[in-house]
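See below for upload.pdb, which holds PDB, C-alpha atoms.
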ATOM      1  CA  MET A   1     -50.961  32.970  -8.126
ATOM      2  CA  ASN A   2     -48.665  34.720  -5.662
ATOM      3  CA  ILE A   3     -46.057  36.444  -7.825
ATOM      4  CA  LEU A   4     -43.227  35.110  -5.650
ATOM      5  CA  LEU A   5     -44.316  31.542  -6.251
ATOM      6  CA  LYS A   6     -44.643  31.627 -10.034
ATOM      7  CA  PRO A   7     -40.952  31.078 -10.854
ATOM      8  CA  ILE A   8     -40.770  28.258  -8.311
ATOM      9  CA  VAL A   9     -43.807  26.515  -9.808
ATOM     10  CA  ASP A  10     -42.509  27.027 -13.351
ATOM     11  CA  GLY A  11     -39.085  25.679 -12.430
ATOM     12  CA  PHE A  12     -40.627  22.679 -10.746
ATOM     13  CA  LEU A  13     -42.760  21.744 -13.744
ATOM     14  CA  ASN A  14     -40.172  22.461 -16.420
ATOM     15  CA  PHE A  15     -36.901  21.363 -14.885
ATOM     16  CA  VAL A  16     -37.553  18.446 -12.529
ATOM     17  CA  PRO A  17     -36.906  15.420 -14.764
ATOM     18  CA  HIS A  18     -39.202  12.922 -13.021
ATOM     19  CA  VAL A  19     -42.034  15.460 -12.890
ATOM     20  CA  LYS A  20     -41.696  15.809 -16.674
ATOM     21  CA  ALA A  21     -41.406  12.027 -17.151
ATOM     22  CA  LEU A  22     -44.716  11.566 -15.327
ATOM     23  CA  GLY A  23     -46.345  14.454 -17.206
ATOM     24  CA  LEU A  24     -47.439  16.324 -14.061
ATOM     25  CA  GLY A  25     -49.270  19.597 -14.698
ATOM     26  CA  PHE A  26     -50.106  22.659 -12.606
ATOM     27  CA  ARG A  27     -53.714  23.210 -11.508
ATOM     28  CA  ALA A  28     -53.836  25.700  -8.657
ATOM     29  CA  ILE A  29     -51.991  27.023  -5.639
ATOM     30  CA  GLY A  30     -53.214  28.876  -2.561
ATOM     31  CA  ASP A  31     -52.111  30.067   0.864
ATOM     32  CA  ASN A  32     -51.289  26.663   2.269
ATOM     33  CA  TRP A  33     -52.302  24.266  -0.491
ATOM     34  CA  ALA A  34     -51.524  23.223  -4.049
ATOM     35  CA  GLU A  35     -53.060  21.081  -6.775
ATOM     36  CA  LEU A  36     -51.288  19.201  -9.570
ATOM     37  CA  THR A  37     -52.627  16.981 -12.329
ATOM     38  CA  LEU A  38     -51.469  13.571 -13.499
ATOM     39  CA  PRO A  39     -52.969  13.143 -16.978
ATOM     40  CA  TYR A  40     -53.685   9.561 -17.995
ATOM     41  CA  ALA A  41     -50.814   8.092 -20.028
ATOM     42  CA  GLU A  42     -50.034   4.651 -21.386
ATOM     43  CA  HIS A  43     -46.562   4.527 -19.819
ATOM     44  CA  LEU A  44     -47.990   4.881 -16.290
ATOM     45  CA  VAL A  45     -50.250   1.851 -16.546
ATOM     46  CA  ALA A  46     -49.887  -1.082 -14.165
ATOM     47  CA  TYR A  47     -52.942  -3.009 -15.265
ATOM     48  CA  PRO A  48     -53.469  -2.803 -19.016
ATOM     49  CA  GLY A  49     -57.036  -2.733 -20.332
ATOM     50  CA  ASP A  50     -58.389  -5.391 -22.695
ATOM     51  CA  ASP A  51     -57.808  -5.003 -26.436
ATOM     52  CA  GLY A  52     -55.922  -1.738 -26.151
ATOM     53  CA  ALA A  53     -58.528  -0.032 -23.951
ATOM     54  CA  PRO A  54     -57.095   2.364 -21.328
ATOM     55  CA  GLY A  55     -55.753   0.578 -18.240
ATOM     56  CA  ILE A  56     -55.408   1.414 -14.559
ATOM     57  CA  ILE A  57     -52.426   3.582 -13.688
ATOM     58  CA  ALA A  58     -49.868   2.408 -11.142
ATOM     59  CA  SER A  59     -50.300   3.285  -7.493
ATOM     60  CA  GLY A  60     -46.624   4.290  -7.594
ATOM     61  CA  ALA A  61     -47.449   7.072 -10.079
ATOM     62  CA  ILE A  62     -50.117   8.381  -7.690
ATOM     63  CA  PHE A  63     -47.537   8.229  -4.895
ATOM     64  CA  SER A  64     -45.172  10.401  -6.975
ATOM     65  CA  LEU A  65     -48.016  12.850  -7.705
ATOM     66  CA  MET A  66     -48.826  13.170  -3.990
ATOM     67  CA  ASP A  67     -45.178  13.482  -2.944
ATOM     68  CA  SER A  68     -44.745  16.278  -5.496
ATOM     69  CA  VAL A  69     -47.930  18.171  -4.653
ATOM     70  CA  GLY A  70     -47.165  17.862  -0.929
ATOM     71  CA  GLY A  71     -43.796  19.514  -1.508
ATOM     72  CA  MET A  72     -45.510  22.263  -3.469
ATOM     73  CA  ALA A  73     -48.019  22.848  -0.661
ATOM     74  CA  VAL A  74     -45.062  23.336   1.709
ATOM     75  CA  VAL A  75     -43.675  25.976  -0.687
ATOM     76  CA  ALA A  76     -47.130  27.609  -0.847
ATOM     77  CA  LYS A  77     -47.323  27.849   2.944
ATOM     78  CA  SER A  78     -43.684  28.990   3.293
ATOM     79  CA  LYS A  79     -44.142  31.624   0.546
ATOM     80  CA  ARG A  80     -40.634  30.991  -0.736
ATOM     81  CA  MET A  81     -38.384  28.292  -2.137
ATOM     82  CA  VAL A  82     -37.436  26.009   0.742
ATOM     83  CA  ARG A  83     -35.053  23.087   0.666
ATOM     84  CA  GLN A  84     -36.990  20.134   1.944
ATOM     85  CA  ALA A  85     -37.003  16.367   1.980
ATOM     86  CA  THR A  86     -39.897  13.978   2.493
ATOM     87  CA  LEU A  87     -39.583  12.329   5.895
ATOM     88  CA  ASP A  88     -42.460   9.911   5.515
ATOM     89  CA  LEU A  89     -45.493   9.596   3.322
ATOM     90  CA  ARG A  90     -48.476   7.282   3.662
ATOM     91  CA  ILE A  91     -51.049   6.635   0.986
ATOM     92  CA  ASP A  92     -54.354   4.811   1.391
ATOM     93  CA  TYR A  93     -55.482   3.491  -1.959
ATOM     94  CA  LEU A  94     -59.267   3.749  -1.689
ATOM     95  CA  ARG A  95     -60.065   2.591  -5.209
ATOM     96  CA  PRO A  96     -58.414   2.310  -8.636
ATOM     97  CA  ALA A  97     -58.308   5.502 -10.705
ATOM     98  CA  GLU A  98     -60.755   5.273 -13.582
ATOM     99  CA  PRO A  99     -58.954   4.243 -16.796
ATOM    100  CA  GLY A 100     -58.319   7.192 -19.107
ATOM    101  CA  LYS A 101     -59.075   9.903 -16.539
ATOM    102  CA  THR A 102     -56.715  12.599 -15.279
ATOM    103  CA  VAL A 103     -55.903  12.217 -11.584
ATOM    104  CA  ILE A 104     -55.820  15.414  -9.527
ATOM    105  CA  GLY A 105     -53.648  15.605  -6.428
ATOM    106  CA  ARG A 106     -54.393  18.184  -3.748
ATOM    107  CA  ALA A 107     -52.285  18.707  -0.645
ATOM    108  CA  GLU A 108     -52.648  21.073   2.281
ATOM    109  CA  VAL A 109     -50.225  22.009   5.050
ATOM    110  CA  THR A 110     -51.848  21.334   8.411
ATOM    111  CA  LYS A 111     -49.000  22.674  10.516
ATOM    112  CA  LEU A 112     -45.658  24.261   9.786
ATOM    113  CA  THR A 113     -42.902  24.227  12.406
ATOM    114  CA  ARG A 114     -39.293  25.379  12.103
ATOM    115  CA  ALA A 115     -38.097  21.888  11.251
ATOM    116  CA  VAL A 116     -41.084  19.993   9.884
ATOM    117  CA  ALA A 117     -44.216  20.524   7.767
ATOM    118  CA  PHE A 118     -47.222  18.255   8.343
ATOM    119  CA  VAL A 119     -49.266  17.709   5.199
ATOM    120  CA  LYS A 120     -52.428  15.878   4.233
ATOM    121  CA  GLY A 121     -53.932  15.389   0.826
ATOM    122  CA  ILE A 122     -56.258  13.554  -1.496
ATOM    123  CA  ALA A 123     -56.135  12.282  -5.051
ATOM    124  CA  HIS A 124     -59.342  12.174  -7.084
ATOM    125  CA  ASP A 125     -60.312  11.749 -10.714
ATOM    126  CA  GLY A 126     -62.931  14.468 -11.038
ATOM    127  CA  ASP A 127     -65.028  14.370  -7.870
ATOM    128  CA  PRO A 128     -63.150  15.394  -4.697
ATOM    129  CA  ASP A 129     -65.934  13.753  -2.665
ATOM    130  CA  ASP A 130     -65.054  10.388  -4.187
ATOM    131  CA  PRO A 131     -61.277  10.229  -3.728
ATOM    132  CA  VAL A 132     -58.969   7.665  -5.264
ATOM    133  CA  ALA A 133     -56.396   7.984  -2.481
ATOM    134  CA  LEU A 134     -55.681   9.728   0.834
ATOM    135  CA  MET A 135     -52.229  10.972   1.789
ATOM    136  CA  THR A 136     -50.558  11.903   5.087
ATOM    137  CA  ALA A 137     -46.968  13.095   5.023
ATOM    138  CA  SER A 138     -44.289  15.052   6.808
ATOM    139  CA  TYR A 139     -41.507  17.016   5.174
ATOM    140  CA  MET A 140     -38.359  18.252   6.880
ATOM    141  CA  PHE A 141     -36.497  21.401   6.023
ATOM    142  CA  THR A 142     -32.949  20.603   4.976
ATOM    143  CA  ALA A 143     -31.275  23.981   4.582
ATOM    144  CA  GLY A 144     -28.154  23.874   6.720
ATOM    145  CA  ALA A 145     -28.495  20.127   7.345
ATOM    146  CA  LYS A 146     -25.613  17.916   6.326
ATOM    147  CA  SER A 147     -27.790  15.945   3.832
TER     148      SER A 147
ATOM    149  CA  MET B   1     -54.043  -1.545  -8.658
ATOM    150  CA  ASN B   2     -54.184  -5.096  -9.859
ATOM    151  CA  PHE B   3     -50.893  -6.854 -10.384
ATOM    152  CA  ASP B   4     -52.096  -9.816 -12.437
ATOM    153  CA  THR B   5     -49.629  -8.933 -15.177
ATOM    154  CA  LEU B   6     -46.737  -8.982 -12.719
ATOM    155  CA  VAL B   7     -47.946 -12.302 -11.330
ATOM    156  CA  ARG B   8     -48.011 -13.841 -14.791
ATOM    157  CA  GLU B   9     -44.600 -12.397 -15.589
ATOM    158  CA  LEU B  10     -42.852 -13.676 -12.450
ATOM    159  CA  LEU B  11     -44.413 -17.122 -12.123
ATOM    160  CA  GLY B  12     -42.327 -19.648 -13.996
ATOM    161  CA  ALA B  13     -40.009 -16.943 -15.356
ATOM    162  CA  PRO B  14     -36.212 -17.249 -15.416
ATOM    163  CA  ASP B  15     -34.218 -16.109 -12.389
ATOM    164  CA  GLU B  16     -33.581 -12.612 -13.704
ATOM    165  CA  GLY B  17     -34.756 -10.270 -16.399
ATOM    166  CA  PRO B  18     -36.544  -7.003 -17.146
ATOM    167  CA  LEU B  19     -40.051  -6.364 -15.800
ATOM    168  CA  SER B  20     -41.189  -5.691 -19.314
ATOM    169  CA  SER B  21     -44.925  -6.400 -19.204
ATOM    170  CA  LEU B  22     -45.828  -3.548 -16.830
ATOM    171  CA  PRO B  23     -45.668  -0.160 -18.577
ATOM    172  CA  TYR B  24     -45.031   1.685 -15.284
ATOM    173  CA  ALA B  25     -42.163  -0.707 -14.429
ATOM    174  CA  ARG B  26     -40.692  -0.011 -17.882
ATOM    175  CA  THR B  27     -40.997   3.730 -17.201
ATOM    176  CA  LEU B  28     -38.878   3.254 -14.056
ATOM    177  CA  GLY B  29     -36.546   0.906 -16.005
ATOM    178  CA  LEU B  30     -36.988  -1.977 -13.517
ATOM    179  CA  SER B  31     -35.603  -5.484 -13.715
ATOM    180  CA  TYR B  32     -35.676  -8.332 -11.189
ATOM    181  CA  ARG B  33     -33.397 -11.037  -9.806
ATOM    182  CA  ARG B  34     -34.509 -14.115  -7.902
ATOM    183  CA  ASP B  35     -32.187 -15.249  -5.105
ATOM    184  CA  ALA B  36     -32.414 -17.560  -2.090
ATOM    185  CA  ASP B  37     -34.584 -15.099  -0.113
ATOM    186  CA  GLY B  38     -36.903 -14.132  -2.922
ATOM    187  CA  ILE B  39     -37.031 -11.265  -5.392
ATOM    188  CA  VAL B  40     -34.734  -8.244  -5.624
ATOM    189  CA  ILE B  41     -35.949  -5.409  -7.870
ATOM    190  CA  ILE B  42     -33.298  -3.282  -9.555
ATOM    191  CA  MET B  43     -33.748   0.331 -10.719
ATOM    192  CA  PRO B  44     -30.686   1.525 -12.694
ATOM    193  CA  PHE B  45     -30.137   5.273 -12.639
ATOM    194  CA  SER B  46     -31.662   7.261 -15.471
ATOM    195  CA  LYS B  47     -32.131  10.993 -15.894
ATOM    196  CA  ASP B  48     -35.921  10.628 -15.805
ATOM    197  CA  LEU B  49     -35.780   9.517 -12.159
ATOM    198  CA  ILE B  50     -34.298  12.770 -10.844
ATOM    199  CA  GLY B  51     -36.268  14.907  -8.374
ATOM    200  CA  ALA B  52     -33.972  17.516  -6.842
ATOM    201  CA  PRO B  53     -30.444  18.095  -8.224
ATOM    202  CA  ASN B  54     -28.293  14.961  -7.705
ATOM    203  CA  ARG B  55     -31.183  13.158  -5.998
ATOM    204  CA  LEU B  56     -33.768  10.640  -7.122
ATOM    205  CA  HIS B  57     -37.412  11.712  -6.863
ATOM    206  CA  GLY B  58     -38.934  10.172  -3.735
ATOM    207  CA  GLY B  59     -41.809   8.856  -5.824
ATOM    208  CA  THR B  60     -39.495   6.662  -7.905
ATOM    209  CA  VAL B  61     -38.128   5.015  -4.747
ATOM    210  CA  ALA B  62     -41.697   4.540  -3.462
ATOM    211  CA  GLY B  63     -42.728   2.952  -6.768
ATOM    212  CA  LEU B  64     -39.711   0.647  -6.570
ATOM    213  CA  LEU B  65     -40.559  -0.338  -2.961
ATOM    214  CA  GLU B  66     -44.203  -1.045  -3.877
ATOM    215  CA  ILE B  67     -43.228  -3.246  -6.785
ATOM    216  CA  ALA B  68     -40.624  -5.088  -4.682
ATOM    217  CA  SER B  69     -43.308  -5.696  -2.030
ATOM    218  CA  ILE B  70     -45.819  -7.045  -4.507
ATOM    219  CA  ALA B  71     -43.176  -9.118  -6.315
ATOM    220  CA  GLN B  72     -42.098 -10.771  -3.056
ATOM    221  CA  LEU B  73     -45.723 -11.437  -2.182
ATOM    222  CA  VAL B  74     -46.244 -13.048  -5.583
ATOM    223  CA  HIS B  75     -43.066 -15.072  -5.062
ATOM    224  CA  VAL B  76     -44.332 -16.405  -1.714
ATOM    225  CA  LEU B  77     -47.875 -16.971  -2.974
ATOM    226  CA  GLY B  78     -46.489 -18.839  -5.970
ATOM    227  CA  ARG B  79     -46.226 -21.873  -3.722
ATOM    228  CA  GLU B  80     -50.009 -21.951  -3.366
ATOM    229  CA  GLU B  81     -52.071 -23.890  -5.866
ATOM    230  CA  THR B  82     -54.358 -21.068  -6.931
ATOM    231  CA  ALA B  83     -52.635 -17.749  -6.376
ATOM    232  CA  PRO B  84     -55.042 -15.022  -5.174
ATOM    233  CA  GLY B  85     -55.239 -11.585  -6.745
ATOM    234  CA  VAL B  86     -53.377  -8.848  -4.860
ATOM    235  CA  LYS B  87     -54.546  -5.248  -4.313
ATOM    236  CA  PRO B  88     -52.567  -2.639  -2.358
ATOM    237  CA  ILE B  89     -54.589  -1.125   0.514
ATOM    238  CA  ASN B  90     -51.957   1.306   1.705
ATOM    239  CA  VAL B  91     -48.248   2.023   1.723
ATOM    240  CA  THR B  92     -46.097   4.018   4.136
ATOM    241  CA  VAL B  93     -42.612   5.045   3.073
ATOM    242  CA  ASP B  94     -39.919   6.331   5.436
ATOM    243  CA  TYR B  95     -37.147   8.232   3.694
ATOM    244  CA  LEU B  96     -33.910   7.533   5.552
ATOM    245  CA  ARG B  97     -31.220   9.075   3.359
ATOM    246  CA  ALA B  98     -31.054  11.106   0.165
ATOM    247  CA  ALA B  99     -31.102   8.700  -2.783
ATOM    248  CA  ALA B 100     -28.126   9.473  -5.034
ATOM    249  CA  CYS B 101     -28.115   9.250  -8.830
ATOM    250  CA  GLU B 102     -27.073   5.600  -8.941
ATOM    251  CA  THR B 103     -28.592   2.112  -9.139
ATOM    252  CA  THR B 104     -31.167   1.411  -6.424
ATOM    253  CA  TYR B 105     -32.227  -2.041  -5.225
ATOM    254  CA  ALA B 106     -35.250  -3.121  -3.191
ATOM    255  CA  ALA B 107     -36.312  -6.339  -1.497
ATOM    256  CA  ALA B 108     -39.211  -7.212   0.792
ATOM    257  CA  ILE B 109     -40.324  -9.750   3.340
ATOM    258  CA  VAL B 110     -43.873 -10.888   3.983
ATOM    259  CA  THR B 111     -44.229 -10.342   7.728
ATOM    260  CA  ARG B 112     -47.649 -11.952   7.887
ATOM    261  CA  MET B 113     -49.636 -13.860   5.306
ATOM    262  CA  GLY B 114     -53.280 -14.003   6.291
ATOM    263  CA  ARG B 115     -56.236 -15.295   4.331
ATOM    264  CA  ARG B 116     -57.449 -11.854   3.310
ATOM    265  CA  ILE B 117     -54.577  -9.505   4.206
ATOM    266  CA  ALA B 118     -50.809  -9.703   3.820
ATOM    267  CA  ASN B 119     -48.384  -7.398   5.668
ATOM    268  CA  VAL B 120     -45.192  -6.683   3.775
ATOM    269  CA  ARG B 121     -42.035  -4.714   4.663
ATOM    270  CA  ALA B 122     -39.510  -3.542   2.115
ATOM    271  CA  GLU B 123     -36.178  -1.748   2.044
ATOM    272  CA  ALA B 124     -34.375   0.102  -0.733
ATOM    273  CA  TRP B 125     -30.614   0.578  -0.792
ATOM    274  CA  GLN B 126     -27.848   1.744  -3.099
ATOM    275  CA  GLY B 127     -24.153   0.868  -2.567
ATOM    276  CA  ASP B 128     -24.504  -0.481   0.965
ATOM    277  CA  ARG B 129     -27.369  -2.796   1.820
ATOM    278  CA  SER B 130     -26.916  -2.128   5.539
ATOM    279  CA  ALA B 131     -27.546   1.610   4.959
ATOM    280  CA  PRO B 132     -31.008   1.690   3.317
ATOM    281  CA  VAL B 133     -32.200   4.888   1.614
ATOM    282  CA  ALA B 134     -35.874   4.158   2.327
ATOM    283  CA  SER B 135     -38.138   1.581   3.914
ATOM    284  CA  ALA B 136     -41.808   0.813   3.400
ATOM    285  CA  HIS B 137     -44.617  -1.205   4.802
ATOM    286  CA  MET B 138     -47.736  -2.205   2.939
ATOM    287  CA  ASN B 139     -51.077  -3.791   3.681
ATOM    288  CA  VAL B 140     -52.226  -5.804   0.693
ATOM    289  CA  MET B 141     -55.617  -7.368   0.132
ATOM    290  CA  LEU B 142     -55.645 -10.947  -1.118
ATOM    291  CA  VAL B 143     -58.585 -11.660  -3.372
ATOM    292  CA  ARG B 144     -59.320 -15.382  -3.328
ATOM    293  CA  GLU B 145     -61.902 -16.745  -5.759
TER     294      GLU B 145
END
Structure translated into structure tokens:
Amino acid sequence: MNILLKPIVDGFLNFVPHVKALGLGFRAIGDNWAELTLPYAEHLVAYPGDDGAPGIIASGAIFSLMDSVGGMAVVAKSKRMVRQATLDLRIDYLRPAEPGKTVIGRAEVTKLTRAVAFVKGIAHDGDPDDPVALMTASYMFTAGAKS
Amino acid sequence: MNFDTLVRELLGAPDEGPLSSLPYARTLGLSYRRDADGIVIIMPFSKDLIGAPNRLHGGTVAGLLEIASIAQLVHVLGREETAPGVKPINVTVDYLRAAACETTYAAAIVTRMGRRIANVRAEAWQGDRSAPVASAHMNVMLVRE
């Protein structure tokens, strides 16, 4: 990992309360992309399994994963901590995540402008060629903006 | 995601209460209120919802909007004799303002109810309903037996 990014990634995983509540983990980061994990957990389930078997996790949890990893991809591409806010984010839910499996979110910056970063991504549960969800998002830089 | 549990919880339930049967809704701390227009979902502030300092994580607001959309759909479908299953196809969220560390509400309208697809729009707000913090639209598949 780029040495400049390590403290940002560590801070993100250890000090963002909702990231901790979801249990998001770091997987990898590159020039213009990042990957985070969402390990299966009972408290994320929307559709419980029968007789205590693992259930299907909520689409909202996958949304949070993709929003987070998209923001991290913007940091990866910017090579520094940038203040940013999600402008819009679309998710296509291709299929349910398999009960019990960790979901991996990967996001990549397609284009970075002075004001906006355009990002696309996928979520999968082991095989990137068989995604659970597709994501398209834009993030705006907020430094200097009035909120 | 299949929302059968939410359907069972909302149909024939009292006019307000916690959404206690869905683990993910419990994680967000959601409750609901039924009024003349349908269902309002309520997400009281808790520390676990924070993203950036003094701001809610965008994902929590998206989760709230999705659940408000599905809940309203279930509310409308409840008038049908055999309610179909509902599966989200996609969701698009527009973030309009920073969401502060306070209670957030969301409500939705079903813009079109088809046989196989429903289109739903939702808004989330905090103190002022006329100044929403985020809006969403969803395509939802209706699975009729």
Given the PyMOL selection byres ((chain A) within 7 of (chain B)), the residues it picks as a ChimeraX atom specification: /A:16-18,21,43-47,56,58-60,63-64,67,86-93,96,147
Go ahead and write the selection's residues with C-alpha atoms as a short mmCIF file (atom, residue, chain, number, x, y, z; two decimals), in the frame of the given file.
data_model
loop_
_atom_site.label_atom_id
_atom_site.label_comp_id
_atom_site.auth_asym_id
_atom_site.auth_seq_id
_atom_site.Cartn_x
_atom_site.Cartn_y
_atom_site.Cartn_z
CA VAL A 16 -37.55 18.45 -12.53
CA PRO A 17 -36.91 15.42 -14.76
CA HIS A 18 -39.20 12.92 -13.02
CA ALA A 21 -41.41 12.03 -17.15
CA HIS A 43 -46.56 4.53 -19.82
CA LEU A 44 -47.99 4.88 -16.29
CA VAL A 45 -50.25 1.85 -16.55
CA ALA A 46 -49.89 -1.08 -14.16
CA TYR A 47 -52.94 -3.01 -15.26
CA ILE A 56 -55.41 1.41 -14.56
CA ALA A 58 -49.87 2.41 -11.14
CA SER A 59 -50.30 3.28 -7.49
CA GLY A 60 -46.62 4.29 -7.59
CA PHE A 63 -47.54 8.23 -4.89
CA SER A 64 -45.17 10.40 -6.98
CA ASP A 67 -45.18 13.48 -2.94
CA THR A 86 -39.90 13.98 2.49
CA LEU A 87 -39.58 12.33 5.90
CA ASP A 88 -42.46 9.91 5.52
CA LEU A 89 -45.49 9.60 3.32
CA ARG A 90 -48.48 7.28 3.66
CA ILE A 91 -51.05 6.64 0.99
CA ASP A 92 -54.35 4.81 1.39
CA TYR A 93 -55.48 3.49 -1.96
CA PRO A 96 -58.41 2.31 -8.64
CA SER A 147 -27.79 15.94 3.83
#
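CA of Phe141 (chain A) is positioned 22.0 Å from CA of Gly105 (chain A).
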Given all atoms listed in the file as the counted atoms, nearest of A:Val132, A:Ala28, A:Met81, A:Leu22 to Ala61 (chain A): A:Leu22
Output check: residues returned by the PyMOL selection byres ((chain A and resi 29) around 10), as number ranges by chain: A: 1-2, 5-6, 9, 26-28, 30-36, 69, 72-73, 75-77, 106-108
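Matched in the shown structure by the PyMOL selection byres ((chain B and resi 125) around 10): Ile42, Val61, Leu96, Arg97, Ala99, Thr103, Thr104, Tyr105, Ala106, Ala107, Glu123, Ala124, Gln126, Gly127, Asp128, Arg129, Ser130, Ala131, Pro132, Val133, Ala134 and Ser135 of chain B.
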Point-to-point distance in Å for CA of Ala68 (chain B) and CA of Arg116 (chain B): 19.8 Å
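For the pair CA of Gly78 (chain B) and CA of Leu94 (chain A), the separation is 26.3 Å.
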Using only C-alpha atoms: which of A:Val74, A:Ala97, A:Asp10, A:Met135 has the shortest distance to Leu112 (chain A): A:Val74
Please write out, as JSON, where the centre of an axis-aligned box around all listed atoms of region 65-80 of chain A lies and how long its edges are, in Å to one decimal, after adding 5 Å on each side.
{"center_x": -44.7, "center_y": 22.2, "center_z": -2.2, "size_x": 18.2, "size_y": 28.8, "size_z": 21.0}
Answer as a ChimeraX atom specification, residues within 6 Å of (-49.9, 10.0, -12.6) using all atoms listed in the file: /A:38,61-62,65
Quick one: residues within 6 Å of Tyr32 (chain B), only C-alpha atoms, excluding same-chain residues fewer than 5 positions away - as a short mmCIF file (atom, residue, chain, number, x, y, z; two decimals) with C-alpha atoms, in the frame of the given file?
data_model
loop_
_atom_site.label_atom_id
_atom_site.label_comp_id
_atom_site.auth_asym_id
_atom_site.auth_seq_id
_atom_site.Cartn_x
_atom_site.Cartn_y
_atom_site.Cartn_z
CA GLU B 16 -33.58 -12.61 -13.70
CA GLY B 17 -34.76 -10.27 -16.40
CA VAL B 40 -34.73 -8.24 -5.62
CA ILE B 41 -35.95 -5.41 -7.87
CA ILE B 42 -33.30 -3.28 -9.56
#
